[in-house]
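Novice: My file is coords_23.txt. It has compact mmCIF, C-alpha atoms and all ligand atoms:
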```
# COMPACT_ATOMS: atom_id res chain seq x y z
CA MET O 274 -8.80 70.79 -72.62
CA THR O 275 -10.92 71.59 -69.61
CA ILE O 276 -9.34 72.40 -66.28
CA TYR O 277 -11.27 71.66 -63.12
CA THR O 278 -9.84 73.72 -60.29
CA PHE O 279 -10.61 72.78 -56.70
CA PRO O 280 -10.95 75.11 -53.70
CA HIS O 281 -7.56 75.95 -52.23
CA ASN O 282 -8.20 74.05 -49.00
CA PHE O 283 -9.67 70.94 -50.62
CA LEU O 284 -8.47 67.96 -48.59
CA TRP O 285 -6.84 65.47 -50.96
CA GLY O 286 -5.92 62.20 -49.32
CA ALA O 287 -5.96 58.44 -49.36
CA ALA O 288 -7.56 55.82 -47.15
CA THR O 289 -6.78 52.43 -45.64
CA ALA O 290 -8.17 50.26 -42.84
CA ALA O 291 -6.36 48.55 -39.97
CA TYR O 292 -7.09 44.91 -40.76
CA GLN O 293 -6.38 45.37 -44.45
CA ILE O 294 -2.83 46.69 -44.03
CA GLU O 295 -1.40 46.35 -40.53
CA GLY O 296 -0.59 42.67 -40.18
CA ALA O 297 1.00 41.99 -36.77
CA TRP O 298 -2.25 40.25 -35.94
CA ASN O 299 -1.07 38.98 -32.56
CA ALA O 300 1.89 41.27 -31.86
CA ASP O 301 2.52 43.22 -28.66
CA GLY O 302 -0.57 42.10 -26.79
CA LYS O 303 -3.16 42.55 -29.52
CA GLY O 304 -6.38 40.60 -29.00
CA GLU O 305 -8.24 38.59 -31.63
CA SER O 306 -10.81 40.21 -33.90
CA VAL O 307 -13.67 38.55 -35.72
CA TRP O 308 -11.65 39.02 -38.91
CA ASP O 309 -8.70 37.12 -37.45
CA ARG O 310 -11.04 34.29 -36.54
CA PHE O 311 -12.86 34.38 -39.88
CA SER O 312 -9.75 34.50 -42.06
CA HIS O 313 -8.24 31.63 -40.06
CA THR O 314 -11.33 29.53 -40.83
CA PRO O 315 -10.72 27.41 -43.94
CA GLY O 316 -12.84 28.23 -46.97
CA LYS O 317 -13.81 31.77 -46.03
CA ILE O 318 -11.25 33.82 -47.96
CA ALA O 319 -9.97 33.51 -51.53
CA ASN O 320 -6.78 31.41 -51.62
CA GLY O 321 -6.98 30.97 -47.85
CA ASP O 322 -5.44 34.43 -47.48
CA THR O 323 -5.36 36.12 -44.07
CA GLY O 324 -4.51 39.56 -42.71
CA ASP O 325 -1.78 38.08 -40.49
CA VAL O 326 0.95 40.00 -42.29
CA ALA O 327 -0.92 42.03 -44.92
CA CYS O 328 1.22 45.05 -45.85
CA ASP O 329 3.11 44.79 -42.55
CA HIS O 330 2.20 48.42 -42.03
CA TYR O 331 2.46 47.96 -38.26
CA HIS O 332 6.22 47.68 -38.72
CA ARG O 333 6.58 49.79 -41.87
CA TYR O 334 4.38 52.76 -41.08
CA ARG O 335 7.31 55.18 -41.31
CA GLU O 336 8.04 54.12 -44.86
CA ASP O 337 4.33 54.41 -45.66
CA VAL O 338 4.12 57.91 -44.26
CA ALA O 339 7.17 58.79 -46.36
CA ILE O 340 5.30 57.53 -49.45
CA MET O 341 2.29 59.66 -48.52
CA ARG O 342 4.60 62.61 -48.25
CA ALA O 343 6.15 61.86 -51.64
CA LEU O 344 2.62 61.82 -53.08
CA GLY O 345 1.92 65.16 -51.45
CA LEU O 346 -1.16 63.88 -49.61
CA LYS O 347 -2.82 66.48 -47.43
CA ALA O 348 -4.73 63.90 -45.44
CA TYR O 349 -4.71 60.22 -44.58
CA ARG O 350 -7.74 58.26 -43.43
CA PHE O 351 -6.95 55.18 -41.34
CA SER O 352 -8.75 53.05 -38.80
CA VAL O 353 -7.71 51.79 -35.40
CA SER O 354 -7.91 48.13 -34.46
CA TRP O 355 -10.15 47.92 -31.42
CA PRO O 356 -8.63 44.64 -30.09
CA ARG O 357 -5.13 46.04 -30.53
CA ILE O 358 -6.10 48.69 -27.98
CA LEU O 359 -8.53 46.64 -25.90
CA PRO O 360 -7.68 42.94 -26.39
CA ASP O 361 -11.01 41.87 -24.88
CA GLY O 362 -12.91 44.77 -26.38
CA ARG O 363 -13.32 46.27 -22.90
CA GLY O 364 -11.50 46.54 -19.61
CA LEU O 365 -7.74 46.29 -19.72
CA ILE O 366 -5.99 48.69 -22.11
CA ASN O 367 -3.04 47.42 -24.14
CA GLN O 368 -0.71 50.41 -23.98
CA ALA O 369 1.50 49.04 -26.76
CA GLY O 370 -1.49 49.19 -29.09
CA LEU O 371 -2.26 52.79 -28.26
CA ASP O 372 1.44 53.62 -28.57
CA PHE O 373 1.46 52.37 -32.14
CA TYR O 374 -1.27 54.80 -33.21
CA ASP O 375 0.39 57.53 -31.22
CA ARG O 376 3.61 57.06 -33.23
CA LEU O 377 1.67 56.89 -36.48
CA VAL O 378 -0.17 60.13 -35.76
CA ASP O 379 3.05 61.85 -34.74
CA ALA O 380 4.68 60.74 -37.99
CA LEU O 381 1.71 62.07 -39.98
CA CYS O 382 1.75 65.40 -38.19
CA ALA O 383 5.51 65.71 -38.72
CA ALA O 384 4.88 65.15 -42.43
CA ASN O 385 2.12 67.76 -42.40
CA ILE O 386 -0.53 65.19 -43.30
CA GLU O 387 -3.86 65.53 -41.54
CA PRO O 388 -5.00 62.28 -39.93
CA LEU O 389 -8.68 61.30 -40.28
CA ILE O 390 -9.55 58.51 -37.92
CA THR O 391 -12.16 55.78 -38.21
CA LEU O 392 -12.89 54.04 -34.94
CA HIS O 393 -14.41 50.89 -36.36
CA HIS O 394 -13.62 49.42 -39.76
CA TRP O 395 -14.99 45.93 -39.11
CA ASP O 396 -12.32 44.25 -36.95
CA TYR O 397 -14.64 43.75 -33.96
CA PRO O 398 -13.16 42.14 -30.83
CA GLN O 399 -13.78 38.40 -30.87
CA ALA O 400 -14.27 38.45 -27.08
CA LEU O 401 -17.27 40.79 -27.41
CA TYR O 402 -18.64 38.75 -30.29
CA ALA O 403 -18.52 35.72 -28.01
CA ALA O 404 -20.72 37.70 -25.58
CA ASP O 405 -23.43 38.18 -28.26
CA GLY O 406 -21.62 41.09 -29.88
CA TRP O 407 -23.64 43.83 -31.51
CA ALA O 408 -26.86 41.94 -30.88
CA ASN O 409 -26.52 42.52 -27.15
CA ARG O 410 -27.59 46.01 -26.07
CA ASP O 411 -25.36 45.77 -23.02
CA ASN O 412 -22.31 45.69 -25.28
CA LEU O 413 -23.01 48.96 -27.08
CA GLY O 414 -21.49 51.10 -24.35
CA TYR O 415 -18.13 49.37 -24.81
CA PHE O 416 -17.84 51.04 -28.19
CA ALA O 417 -18.35 54.43 -26.55
CA ASP O 418 -15.74 53.57 -23.90
CA PHE O 419 -13.31 52.57 -26.64
CA ALA O 420 -14.02 55.84 -28.49
CA ALA O 421 -13.25 57.85 -25.36
CA ILE O 422 -10.00 55.97 -24.73
CA VAL O 423 -8.77 56.68 -28.24
CA ALA O 424 -9.92 60.30 -28.13
CA LYS O 425 -8.11 60.92 -24.86
CA ARG O 426 -4.89 59.69 -26.40
CA LEU O 427 -5.12 61.09 -29.95
CA GLY O 428 -7.69 63.88 -29.70
CA ASP O 429 -5.03 66.53 -29.25
CA ARG O 430 -3.76 65.86 -32.80
CA ILE O 431 -6.81 64.62 -34.73
CA ASP O 432 -9.78 66.83 -35.58
CA LYS O 433 -11.90 64.55 -37.76
CA TRP O 434 -13.38 61.44 -36.17
CA THR O 435 -15.73 58.90 -37.65
CA THR O 436 -17.48 56.20 -35.67
CA PHE O 437 -18.25 53.43 -38.15
CA ASN O 438 -17.10 52.57 -41.61
CA GLU O 439 -20.01 51.32 -43.70
CA PRO O 440 -22.41 49.92 -41.10
CA GLY O 441 -24.44 48.56 -44.01
CA VAL O 442 -21.64 46.22 -45.05
CA ILE O 443 -21.20 45.01 -41.48
CA VAL O 444 -24.88 44.08 -41.49
CA TRP O 445 -25.37 42.74 -45.02
CA ASP O 446 -22.10 40.91 -45.48
CA GLY O 447 -21.42 39.98 -41.86
CA TYR O 448 -24.85 38.99 -40.59
CA ILE O 449 -27.18 38.48 -43.56
CA HIS O 450 -25.16 37.07 -46.48
CA GLY O 451 -22.34 35.77 -44.31
CA GLU O 452 -19.48 36.44 -46.73
CA HIS O 453 -17.70 38.64 -44.21
CA ALA O 454 -16.83 38.08 -40.57
CA PRO O 455 -18.44 36.83 -38.47
CA GLY O 456 -20.23 34.97 -41.25
CA GLU O 457 -23.77 34.75 -39.94
CA GLN O 458 -26.85 34.43 -42.13
CA ASP O 459 -29.70 35.75 -40.05
CA PRO O 460 -31.72 38.61 -41.58
CA ARG O 461 -33.74 39.22 -38.43
CA LYS O 462 -30.65 39.52 -36.33
CA GLY O 463 -29.10 41.68 -39.04
CA ARG O 464 -32.03 44.08 -38.85
CA GLN O 465 -31.57 44.43 -35.10
CA ILE O 466 -27.82 44.85 -35.42
CA ALA O 467 -28.32 47.62 -37.99
CA HIS O 468 -30.28 49.53 -35.38
CA ASN O 469 -27.88 48.66 -32.57
CA LEU O 470 -24.95 49.93 -34.64
CA MET O 471 -26.78 53.21 -35.00
CA ALA O 472 -27.35 53.41 -31.25
CA ALA O 473 -23.67 52.59 -30.66
CA HIS O 474 -22.79 55.36 -33.13
CA GLY O 475 -24.87 57.79 -31.08
CA LEU O 476 -23.21 56.74 -27.84
CA ALA O 477 -19.76 57.12 -29.41
CA VAL O 478 -20.62 60.58 -30.71
CA GLN O 479 -21.51 61.58 -27.15
CA ALA O 480 -18.37 59.96 -25.76
CA LEU O 481 -16.11 61.77 -28.24
CA ARG O 482 -17.71 65.11 -27.51
CA GLY O 483 -17.50 64.31 -23.83
CA VAL O 484 -13.72 64.07 -24.15
CA ASN O 485 -13.46 67.19 -26.27
CA PRO O 486 -16.46 69.14 -27.58
CA ALA O 487 -14.30 70.64 -30.33
CA LEU O 488 -13.75 67.29 -32.10
CA GLN O 489 -15.36 67.07 -35.53
CA VAL O 490 -17.50 63.95 -35.50
CA GLY O 491 -19.04 62.05 -38.41
CA ILE O 492 -19.74 58.62 -39.86
CA VAL O 493 -18.81 56.87 -43.10
CA LEU O 494 -21.65 55.46 -45.21
CA ASN O 495 -21.31 53.60 -48.47
CA GLN O 496 -23.99 54.50 -50.95
CA TRP O 497 -24.68 53.04 -54.36
CA MET O 498 -26.71 55.35 -56.56
CA ALA O 499 -29.98 53.93 -57.91
CA ASP O 500 -30.39 55.16 -61.50
CA ALA O 501 -33.33 54.87 -63.86
CA ALA O 502 -32.31 53.38 -67.22
CA ASP O 503 -34.78 55.53 -69.19
CA ALA O 504 -37.53 58.11 -68.82
CA ASP O 505 -40.32 55.55 -68.41
CA PRO O 506 -42.17 56.55 -65.19
CA GLN O 507 -42.05 52.90 -64.09
CA SER O 508 -38.24 52.84 -64.42
CA ILE O 509 -38.05 55.99 -62.33
CA ARG O 510 -40.39 54.51 -59.73
CA ASN O 511 -38.31 51.33 -59.57
CA ALA O 512 -35.09 53.28 -59.04
CA GLU O 513 -36.74 55.40 -56.34
CA GLU O 514 -38.12 52.34 -54.60
CA ALA O 515 -34.71 50.65 -54.65
CA TRP O 516 -33.07 53.73 -53.16
CA ASP O 517 -35.74 54.21 -50.51
CA SER O 518 -35.84 50.59 -49.42
CA GLY O 519 -32.09 50.08 -49.38
CA GLU O 520 -29.92 53.17 -49.48
CA THR O 521 -31.77 55.15 -46.81
CA ALA O 522 -30.98 52.60 -44.07
CA PHE O 523 -28.57 54.90 -42.22
CA LEU O 524 -29.08 58.28 -43.89
CA HIS O 525 -32.69 58.43 -42.79
CA PRO O 526 -32.27 57.63 -39.08
CA ILE O 527 -29.22 59.87 -38.81
CA PHE O 528 -30.58 62.89 -40.66
CA LYS O 529 -34.33 62.52 -40.23
CA GLY O 530 -34.63 60.53 -37.02
CA TYR O 531 -36.79 57.71 -38.37
CA TYR O 532 -36.60 54.73 -40.70
CA HIS O 533 -37.98 55.11 -44.22
CA PRO O 534 -41.28 53.20 -44.52
CA ALA O 535 -40.04 51.47 -47.69
CA LEU O 536 -37.02 50.16 -45.78
CA VAL O 537 -39.20 48.96 -42.92
CA ALA O 538 -41.50 47.19 -45.37
CA ARG O 539 -38.59 45.46 -47.08
CA ALA O 540 -37.06 44.41 -43.75
CA GLY O 541 -40.39 42.93 -42.68
CA GLY O 542 -40.88 45.34 -39.80
CA LEU O 543 -39.01 47.52 -37.37
CA PRO O 544 -36.23 46.33 -35.08
CA GLU O 545 -36.63 46.72 -31.33
CA ILE O 546 -36.25 50.41 -30.60
CA GLN O 547 -35.77 51.64 -27.05
CA ALA O 548 -37.04 54.97 -25.76
CA GLY O 549 -34.62 57.74 -26.72
CA ASP O 550 -32.86 55.73 -29.43
CA MET O 551 -33.89 57.83 -32.39
CA ALA O 552 -32.79 61.08 -30.75
CA LEU O 553 -29.49 59.44 -29.85
CA ILE O 554 -28.99 58.33 -33.45
CA ALA O 555 -30.01 61.66 -34.97
CA GLN O 556 -27.51 63.79 -33.08
CA LYS O 557 -26.08 66.54 -35.19
CA LEU O 558 -22.89 65.57 -37.01
CA ASP O 559 -20.06 67.84 -38.11
CA PHE O 560 -19.49 66.07 -41.41
CA LEU O 561 -20.64 63.12 -43.47
CA GLY O 562 -18.28 60.60 -45.06
CA ILE O 563 -19.48 59.01 -48.29
CA ASN O 564 -17.87 55.97 -49.89
CA PHE O 565 -18.80 55.65 -53.53
CA TYR O 566 -17.92 52.84 -55.91
CA SER O 567 -20.79 52.18 -58.30
CA ARG O 568 -24.53 52.25 -58.91
CA ASN O 569 -27.50 50.03 -59.60
CA LEU O 570 -29.65 50.54 -62.69
CA TYR O 571 -33.41 49.98 -63.01
CA ASN O 572 -35.78 49.84 -65.94
CA ALA O 573 -39.54 49.26 -65.99
CA GLN O 574 -39.01 45.51 -65.43
CA GLY O 575 -36.71 45.98 -62.46
CA HIS O 576 -32.97 45.71 -61.81
CA VAL O 577 -30.80 45.73 -64.93
CA ALA O 578 -28.08 43.21 -64.18
CA GLU O 579 -25.93 44.04 -67.18
CA PRO O 580 -26.40 47.56 -68.52
CA PRO O 581 -25.64 47.59 -72.25
CA GLY O 582 -22.12 48.80 -72.98
CA ALA O 583 -21.18 48.90 -69.31
CA GLU O 584 -17.56 48.74 -68.20
CA TYR O 585 -16.50 47.03 -65.02
CA THR O 586 -13.64 47.02 -62.55
CA ALA O 587 -11.95 43.79 -61.43
CA THR O 588 -14.48 43.47 -58.60
CA GLY O 589 -17.27 43.43 -61.18
CA TRP O 590 -18.59 46.84 -60.21
CA GLU O 591 -19.92 48.95 -63.06
CA ILE O 592 -17.92 52.11 -63.73
CA CYS O 593 -20.27 55.09 -63.83
CA ALA O 594 -18.78 58.35 -62.58
CA PRO O 595 -21.79 60.59 -63.43
CA ALA O 596 -23.81 58.53 -60.90
CA LEU O 597 -21.61 60.04 -58.19
CA ARG O 598 -22.67 63.58 -59.13
CA ARG O 599 -26.33 62.59 -59.26
CA MET O 600 -26.06 60.84 -55.92
CA LEU O 601 -24.34 63.72 -54.16
CA ASN O 602 -27.12 66.01 -55.36
CA LYS O 603 -29.76 63.53 -54.30
CA ILE O 604 -28.34 63.23 -50.78
CA ASN O 605 -27.87 66.98 -50.56
CA ASP O 606 -31.46 67.69 -51.59
CA ALA O 607 -33.01 65.04 -49.36
CA TYR O 608 -31.01 65.51 -46.17
CA ALA O 609 -29.27 68.91 -46.21
CA PRO O 610 -26.25 67.14 -44.66
CA PRO O 611 -23.24 68.79 -43.04
CA PRO O 612 -20.06 69.13 -45.19
CA ILE O 613 -19.30 65.96 -47.11
CA TYR O 614 -16.00 64.16 -47.51
CA ILE O 615 -15.63 61.43 -50.08
CA THR O 616 -14.03 59.02 -47.62
CA GLU O 617 -13.47 56.26 -50.20
CA ASN O 618 -13.48 56.00 -53.96
CA GLY O 619 -11.25 53.92 -56.17
CA ALA O 620 -11.04 50.80 -58.28
CA ALA O 621 -9.42 47.38 -58.47
CA PHE O 622 -7.87 46.33 -61.74
CA ASP O 623 -5.64 43.40 -62.63
CA ASP O 624 -2.45 45.41 -62.70
CA VAL O 625 0.53 44.09 -64.57
CA ALA O 626 3.81 45.02 -62.92
CA GLY O 627 7.07 45.45 -64.83
CA PRO O 628 10.23 43.81 -63.52
CA ASP O 629 10.97 46.86 -61.39
CA GLY O 630 7.46 46.82 -59.94
CA ARG O 631 6.40 49.68 -62.21
CA VAL O 632 2.67 49.65 -62.90
CA ASP O 633 0.97 51.42 -65.74
CA ASP O 634 -2.65 51.60 -64.68
CA PRO O 635 -4.48 53.88 -67.10
CA ARG O 636 -7.91 52.51 -66.19
CA ARG O 637 -7.48 53.36 -62.50
CA LEU O 638 -6.19 56.78 -63.47
CA ASP O 639 -9.24 57.36 -65.68
CA TYR O 640 -11.58 56.06 -63.01
CA LEU O 641 -10.20 58.52 -60.48
CA LYS O 642 -10.08 61.39 -62.94
CA ASN O 643 -13.70 60.97 -63.95
CA HIS O 644 -14.88 60.69 -60.36
CA PHE O 645 -12.90 63.78 -59.34
CA ILE O 646 -14.51 65.71 -62.19
CA GLN O 647 -18.02 64.57 -61.31
CA THR O 648 -17.39 65.59 -57.72
CA ARG O 649 -16.23 69.02 -58.85
CA LEU O 650 -19.40 69.34 -60.93
CA ALA O 651 -21.52 68.35 -57.93
CA MET O 652 -19.77 71.08 -55.97
CA GLN O 653 -20.75 73.55 -58.68
CA ASP O 654 -24.30 72.27 -58.33
CA GLY O 655 -24.13 73.35 -54.68
CA VAL O 656 -22.98 70.24 -52.79
CA ASP O 657 -20.47 71.12 -50.09
CA VAL O 658 -17.70 68.53 -50.64
CA ARG O 659 -14.56 69.32 -48.69
CA GLY O 660 -12.19 66.49 -49.44
CA TYR O 661 -11.46 63.19 -51.17
CA MET O 662 -9.82 60.08 -49.82
CA VAL O 663 -8.77 57.71 -52.59
CA TRP O 664 -9.24 54.03 -51.83
CA SER O 665 -6.60 52.92 -51.39
CA LEU O 666 -3.12 54.13 -50.57
CA LEU O 667 -1.77 50.58 -50.82
CA ASP O 668 -2.79 47.32 -52.44
CA ASN O 669 -4.14 45.38 -49.49
CA PHE O 670 -6.25 42.57 -48.05
CA GLU O 671 -9.61 42.96 -49.77
CA TRP O 672 -11.72 41.05 -47.24
CA ALA O 673 -13.27 37.86 -48.69
CA GLU O 674 -11.28 38.42 -51.90
CA GLY O 675 -7.98 38.21 -50.03
CA TYR O 676 -5.07 39.67 -51.99
CA THR O 677 -6.63 39.01 -55.38
CA LYS O 678 -8.01 42.53 -55.83
CA ARG O 679 -5.59 45.41 -55.99
CA PHE O 680 -7.02 48.86 -55.20
CA GLY O 681 -3.79 50.71 -54.40
CA ILE O 682 -2.29 53.76 -56.05
CA VAL O 683 0.87 52.17 -54.63
CA ARG O 684 1.72 48.59 -55.55
CA VAL O 685 2.69 46.19 -52.79
CA ASN O 686 4.77 43.15 -53.61
CA TYR O 687 3.50 40.79 -50.91
CA GLN O 688 6.63 38.60 -51.09
CA THR O 689 9.13 41.39 -50.50
CA GLN O 690 6.82 44.10 -49.08
CA GLN O 691 8.31 46.43 -51.64
CA ARG O 692 6.13 49.46 -52.42
CA THR O 693 6.08 51.12 -55.84
CA ILE O 694 4.00 54.17 -56.71
CA LYS O 695 1.79 53.31 -59.69
CA GLN O 696 1.25 55.70 -62.61
CA SER O 697 -2.15 56.59 -61.13
CA GLY O 698 -0.36 57.57 -57.92
CA LYS O 699 2.06 59.80 -59.81
CA TRP O 700 -0.84 61.39 -61.65
CA TYR O 701 -2.66 61.91 -58.35
CA ALA O 702 0.40 63.62 -56.88
CA ASP O 703 0.24 66.04 -59.80
CA VAL O 704 -3.47 66.69 -59.24
CA ILE O 705 -2.78 67.47 -55.60
CA GLN O 706 0.19 69.68 -56.35
CA HIS O 707 -1.74 71.81 -58.85
CA ASN O 708 -5.09 71.38 -57.14
CA GLU O 709 -6.74 70.78 -60.47
CA VAL O 710 -7.77 68.03 -62.84
CA LYS O 711 -7.10 68.39 -66.54
CA ALA O 712 -9.29 66.54 -68.98
C1 LIG O 801 -15.30 49.32 -48.99
C2 LIG O 801 -14.53 49.10 -47.71
C3 LIG O 801 -13.04 49.10 -47.88
C4 LIG O 801 -12.62 48.42 -49.15
C5 LIG O 801 -13.40 48.94 -50.32
C6 LIG O 801 -13.00 48.33 -51.65
O1 LIG O 801 -16.56 48.75 -48.86
O2 LIG O 801 -14.86 50.09 -46.77
O3 LIG O 801 -12.47 48.52 -46.74
O4 LIG O 801 -12.69 47.05 -49.02
O5 LIG O 801 -14.76 48.72 -50.12
```
Let me see whether you can do it: turn the structure in this file into structure tokens.

Specialist:
Amino acid sequence: MTIYTFPHNFLWGAATAAYQIEGAWNADGKGESVWDRFSHTPGKIANGDTGDVACDHYHRYREDVAIMRALGLKAYRFSVSWPRILPDGRGLINQAGLDFYDRLVDALCAANIEPLITLHHWDYPQALYAADGWANRDNLGYFADFAAIVAKRLGDRIDKWTTFNEPGVIVWDGYIHGEHAPGEQDPRKGRQIAHNLMAAHGLAVQALRGVNPALQVGIVLNQWMADAADADPQSIRNAEEAWDSGETAFLHPIFKGYYHPALVARAGGLPEIQAGDMALIAQKLDFLGINFYSRNLYNAQGHVAEPPGAEYTATGWEICAPALRRMLNKINDAYAPPPIYITENGAAFDDVAGPDGRVDDPRRLDYLKNHFIQTRLAMQDGVDVRGYMVWSLLDNFEWAEGYTKRFGIVRVNYQTQQRTIKQSGKWYADVIQHNEVKA
């Protein structure tokens, strides 16, 4: 048996996002988000599911914090719903919305669980979308205003702040492929929005530091490793080209201050860039959040759709933990980033629950174990990883897939809202308690 011990202050946690768990979609003055609108549009979400109730976390957050405590989590990453706080995305503040997050953060602090906050995890205010949304430069400052409002209220108890969750998914799925809210299919607009999101990120970083210069500020990027299938120089070139033209979209502007030429070529040119934008985008960050789920594989012919012998999760993503270690090293070598947190990693499987809700989920347990180990090995290689947020604390609303994909280490019975810690969750509690992984 090998024992992988983690540094004593390693931040073990779990993650969720507002729209995926809160429910209470129109409670207490909350405004509409693009996800409310999208999920209420027939044909957009599997089974016609919506986030109207979700895990009802808005009303059950105390129970959920108690579960986190039972798991021994040291940290919890959550996002705030912008239209819950600003129903129109700007202007009038809905105090009841801010109060909710205030109570949540108090409950976390009382349980000795460090809150990590994400300002925007996709539930953009519908009212701003109606005013041209992210495509309109004039709207970008509203994100910074929102950031400042939240920081003024919660900044006394939260150190670690991230602006966006996965800007790439907002762009690709929301504005290019159209499978996510708001469901547009306009690559040119998507290219501009990618840049505008980066500018909004920069403005929010300034706004947060304006409220309190001691806040730790970062962003959450999802990265899929691009691996070469063999040692053929053409396979290696293909993998490099795929990484450069796709995976550098946000890493490059943030850490180098320009867009990678391969990305620009693939996008058919640069977006409109205003004077000062790149410096705004490339402001120094205190940490980098990485979400990792899978990789893409390339041989001399190009993308390998079905790697021989590959195993997949229920979302059809190939399971390949060693790709995480390679990717962390790749990012570390190319960008010399600030300390890294794995802000999401986890897997959906078709869990089978016993009559008492008990779930034996050995594949999720193995998935997590192998990714923890590869992260530990990357740390030995010299990558400064400080913490790990498992996706997800709870089974929840998985965007276009509705409730069909379960990612939780805690099962949620959506009829009764009963929560049951899965075997993977119990195993994770043991990892946290001993601060080591045994394999
Ligand atoms: C990520 C999202 C998260 C969740 C996981 C499975 O892309 O950030 O909300 O849906 O995928």

Novice: Of the candidates O:His474, O:Lys433, O:Arg692, O:His393, which one gets nearest to Leu413 of chain O if we count only C-alpha atoms?

Specialist: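 With only C-alpha atoms as the atom set, the closest residue is O:His474.
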
Novice: Name all residues at most 6 Å from segment 491-508 of chain O (count all atoms listed in the file; drop same-chain ones fewer than 6 positions away) and give them as a PDB file with C-alpha atoms, in the coordinates of the input.

Specialist:
```pdb
ATOM      1  CA  THR O 435     -15.730  58.900 -37.650  1.00  0.00           C
ATOM      2  CA  THR O 436     -17.480  56.200 -35.670  1.00  0.00           C
ATOM      3  CA  PHE O 437     -18.250  53.430 -38.150  1.00  0.00           C
ATOM      4  CA  ASN O 438     -17.100  52.570 -41.610  1.00  0.00           C
ATOM      5  CA  GLU O 439     -20.010  51.320 -43.700  1.00  0.00           C
ATOM      6  CA  TRP O 516     -33.070  53.730 -53.160  1.00  0.00           C
ATOM      7  CA  LEU O 558     -22.890  65.570 -37.010  1.00  0.00           C
ATOM      8  CA  ASP O 559     -20.060  67.840 -38.110  1.00  0.00           C
ATOM      9  CA  PHE O 560     -19.490  66.070 -41.410  1.00  0.00           C
ATOM     10  CA  LEU O 561     -20.640  63.120 -43.470  1.00  0.00           C
ATOM     11  CA  GLY O 562     -18.280  60.600 -45.060  1.00  0.00           C
ATOM     12  CA  ILE O 563     -19.480  59.010 -48.290  1.00  0.00           C
ATOM     13  CA  ASN O 564     -17.870  55.970 -49.890  1.00  0.00           C
ATOM     14  CA  PHE O 565     -18.800  55.650 -53.530  1.00  0.00           C
ATOM     15  CA  SER O 567     -20.790  52.180 -58.300  1.00  0.00           C
ATOM     16  CA  ARG O 568     -24.530  52.250 -58.910  1.00  0.00           C
ATOM     17  CA  ASN O 569     -27.500  50.030 -59.600  1.00  0.00           C
ATOM     18  CA  LEU O 570     -29.650  50.540 -62.690  1.00  0.00           C
ATOM     19  CA  TYR O 571     -33.410  49.980 -63.010  1.00  0.00           C
ATOM     20  CA  ASN O 572     -35.780  49.840 -65.940  1.00  0.00           C
ATOM     21  CA  ALA O 573     -39.540  49.260 -65.990  1.00  0.00           C
ATOM     22  CA  MET O 600     -26.060  60.840 -55.920  1.00  0.00           C
TER      23      MET O 600
END
```

Novice: Using all atoms listed in the file for the distances, tell me which of O:Lys695, O:Arg376, O:Gly316, O:Gln368 is nearest to His332 of chain O.

Specialist: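 With all atoms listed in the file as the atom set, the closest residue is O:Arg376.
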
Novice: Choose the residue, out of O:Ala596, O:Val442, O:Ala297, O:Leu641, that has the smallest atom-to-atom separation from ligand LIG 801 (chain O); count only C-alpha atoms and all ligand atoms.

Specialist: O:Val442

Novice: Restricting the calculation to all atoms listed in the file, which member of O:Asp639, O:Asp372, O:Glu513, O:Asp396 is positioned closest to ligand LIG 801 (chain O)?

Specialist: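 When distances to ligand LIG 801 (chain O) are compared using all atoms listed in the file, the smallest one comes from O:Asp396.
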
Novice: Using all atoms listed in the file, pick whichever of O:Ile509, O:Ala454, O:Leu524, O:Ala487 has the shortest atom-to-atom distance to Met471 of chain O.

Specialist: O:Leu524

Novice: Ligand LIG 801 (chain O): which residues are within 10 Å, counting all atoms listed in the file? Reply as a VMD selection string.

Specialist: chain O and resid 288 to 293 352 394 to 395 437 to 443 493 to 496 564 to 566 588 616 to 621 664 to 665 669 to 674 678 to 681

Novice: Which is closest to Leu488 of chain O among O:Gly575, O:Met274, O:Ala421, O:Leu666, if we use only C-alpha atoms?

Specialist: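 When distances to Leu488 of chain O are compared using only C-alpha atoms, the smallest one comes from O:Ala421.
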
Novice: Between atom CA of Leu470 of chain O and atom CA of Thr648 of chain O, what distance in Å does the model show, to one decimal?

Specialist: 28.9 Å

Novice: So how far away is atom CA of Pro612 of chain O from atom CA of Tyr531 of chain O, in Å?

Specialist: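 Between atom CA of Tyr531 of chain O and atom CA of Pro612 of chain O the gap is 21.4 Å.
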
Novice: Compile the contact shell of Ala420 of chain O as a list in words: residues with an atom at most 7 Å away, counting all atoms listed in the file, same-chain residues fewer than 2 positions apart removed.

Specialist: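 The neighbour list is Leu392, Phe416, Ala417, Asp418, Ile422, Val423, Ala424, Ala477, Ala480 and Leu481 of chain O.
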
Novice: Extract, using all atoms listed in the file, all DNA, RNA and protein residues at most 12 Å from segment 359-362 of chain O, discarding same-chain residues fewer than 3 positions from it, and format them as a ChimeraX atom specification.

Specialist: /O:298-307,353-356,365-371,393,396-404,406-407,412-420,422-423

Novice: Return as lines of an AutoDock Vina configuration file the centre and edge lengths, in Å with one decimal, of the box along x, y and z that encloses every atom of segment 434-445 of chain O in the file, padded by 3 Å per side.

Specialist:
```
center_x = -19.4
center_y = 52.1
center_z = -40.4
size_x = 18.0
size_y = 24.7
size_z = 15.4
```

Novice: Record the distance separating atom CA of Ala380 of chain O and atom CA of Leu344 of chain O, expressed in Å with one decimal.

Specialist: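 Atom CA of Leu344 of chain O lies 15.3 Å from atom CA of Ala380 of chain O.
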